[in-house]
Amino acid sequence: MAKKNCSICGAEIGLMKQVQLADREFICRDCVKKTSPFFVPLERTTYDYKEHMKQLENGKKLYDAYFAGNKAAEKFLSKRVLVDKNTGLMCITEKRGRIILWGGTPFYMVFRIADLEICEGESRFEKGSDGKNVEKFETHFIFHDVVGLYDFKVPSSKGSHDAMMKCLDKILGKTGFGSIKAGFKKNQEDVRMAASIAGNLKNMMANKDGGAEAMRQDAEEIAEAMENSFYHGREELVAKADAAIKNVLG
């Protein structure tokens, strides 16, 4: 197989050092090492990679400003997740090149807590060295309307996951994380229904005084309003986090 060039740094890469992305571009292993361990190349595009690099750069600045040495920040999932209710931010970190619990290069991603869409515990089984099935527990994170890495799984335990969920419920207030998530899923169904209705009306009114275009615009406005409803009950948390981020990143 012919050598290729890394789509990030341009270096020529042989077969053994090629890593393929979801958009069928190739990057070198040195560029892969610059990503968080939660970044899975085959699931991400070149655009995702570049946005993730910005995410890590900003994450390090925000970590240094709000999480490094912050004893008030609550720690979960073996200290991989740090939650700061005072800023409305959470930091998710992991290391590359660590030996068991020591050494390695840390990578930091900082998110607004208000953007958390999915935070679910998942278990799966893997074959252990003795051939027996071993249960692995992970927490699946999805952050809403975030560029870079927004969908990934972090090794955890059920106890630590449940403790983190309790903390997040408290920060999110009386509606709680679960209730807001359920409401958002209902809104997504309403958006799809509105889009379907608008599409049918467009076909029916294509030749009637621009009525189809008006219907399309109405449907888009409905969809936007429903999308914004994701943050209903989170407005103060959003404002708090935005102020903290602006204070560091400008």
# chains A, B, ... in the order shown; residues from 1 in each chain; ligands from 1
call {"tool": "residues_around", "arguments": {"residues": "A:Ile171", "least_positions_apart": "2", "cutoff": "10 Å", "atoms": "only C-alpha atoms", "output": "ChimeraX atom specification"}}
result
/A:83-86,88,113-114,165-169,173-174,176-177,234,237
call {"tool": "residues_around", "arguments": {"residues": "A:Met109", "least_positions_apart": "6", "cutoff": "9 Å", "atoms": "only C-alpha atoms", "output": "ChimeraX atom specification"}}
result
/A:36,52,55-60,62-63,90-93,149
call {"tool": "closest_residue", "arguments": {"among": "A:Tyr66, A:Phe39, A:Phe141, A:Tyr49", "to": "A:Ile27", "atoms": "only C-alpha atoms"}}
result
A:Tyr49
call {"tool": "closest_residue", "arguments": {"among": "A:Lys61, A:Arg44, A:Lys71, A:Arg96", "to": "A:Gly250", "atoms": "only C-alpha atoms"}}
result
A:Lys61
call {"tool": "atom_distance", "arguments": {"atom1": "atom CA of A:Glu122", "atom2": "atom CA of A:Asp48"}}
result
24.7 Å
call {"tool": "residues_around", "arguments": {"residues": "A:Gly97", "least_positions_apart": "5", "cutoff": "12 Å", "atoms": "only C-alpha atoms", "output": "list of chain:residue names"}}
result
A:Lys33, A:Lys34, A:Ser36, A:Pro37, A:Trp102, A:Gly103, A:Gly104, A:Thr105, A:Pro106, A:Phe107
call {"tool": "write_last_selection", "arguments": {"atoms": "C-alpha atoms", "output": "CSV table (one decimal), in the first residue's frame"}}
result
chain,number,residue,atom,x,y,z
A,33,LYS,CA,-1.2,11.0,20.7
A,34,LYS,CA,-2.2,14.7,21.0
A,36,SER,CA,-7.7,12.8,24.7
A,37,PRO,CA,-7.7,9.0,25.2
A,102,TRP,CA,1.4,7.0,37.8
A,103,GLY,CA,2.8,9.3,35.2
A,104,GLY,CA,1.4,10.1,31.8
A,105,THR,CA,0.3,13.2,30.0
A,106,PRO,CA,-3.0,14.7,31.2
A,107,PHE,CA,-5.7,16.0,28.8
call {"tool": "residues_around", "arguments": {"residues": "A:Cys119", "least_positions_apart": "3", "cutoff": "7 Å", "atoms": "only C-alpha atoms", "output": "VMD selection string"}}
result
chain A and resid 139 to 142
call {"tool": "select_by_dssp", "arguments": {"residues": "stretch 15-123 of chain A", "states": "helix (DSSP H, G or I)", "output": "PyMOL selection string"}}
result
chain A and resi 15-17+29-32+41-43+46-66+113-115
call {"tool": "atom_distance", "arguments": {"atom1": "atom CA of A:Glu74", "atom2": "atom CA of A:Asn247"}}
result
21.6 Å
call {"tool": "residues_around", "arguments": {"residues": "A:Ala11", "least_positions_apart": "4", "cutoff": "8 Å", "atoms": "only C-alpha atoms", "output": "compact mmCIF listing (two decimals) with N, CA and C atoms, in the first residue's frame"}}
result
# COMPACT_ATOMS: atom_id res chain seq x y z
N ASN A 5 -0.06 10.90 3.34
CA ASN A 5 0.34 12.05 4.14
C ASN A 5 -0.69 12.32 5.22
N CYS A 6 -0.22 12.64 6.40
CA CYS A 6 -1.12 12.97 7.51
C CYS A 6 -1.92 14.21 7.15
N CYS A 28 -1.28 10.61 11.37
CA CYS A 28 -0.17 9.83 11.91
C CYS A 28 -0.40 9.55 13.40
call {"tool": "residues_around", "arguments": {"residues": "A:Val134", "least_positions_apart": "6", "cutoff": "10 Å", "atoms": "only C-alpha atoms", "output": "JSON, numbers by chain"}}
result
{"A": [124, 125, 126, 127, 128]}
call {"tool": "closest_residue", "arguments": {"among": "A:Asn70, A:Lys158, A:Val147, A:Lys95", "to": "A:Ser123", "atoms": "only C-alpha atoms"}}
result
A:Lys158
call {"tool": "closest_residue", "arguments": {"among": "A:Gly121, A:Gly131, A:Gly148, A:Gly233", "to": "A:Ser160", "atoms": "only C-alpha atoms"}}
result
A:Gly121
call {"tool": "atom_distance", "arguments": {"atom1": "atom CA of A:Ala68", "atom2": "atom CA of A:Asp242"}}
result
19.2 Å
call {"tool": "residues_around", "arguments": {"residues": "A:Pro41", "least_positions_apart": "6", "cutoff": "9 Å", "atoms": "only C-alpha atoms", "output": "ChimeraX atom specification"}}
result
/A:19-22,27,32,49
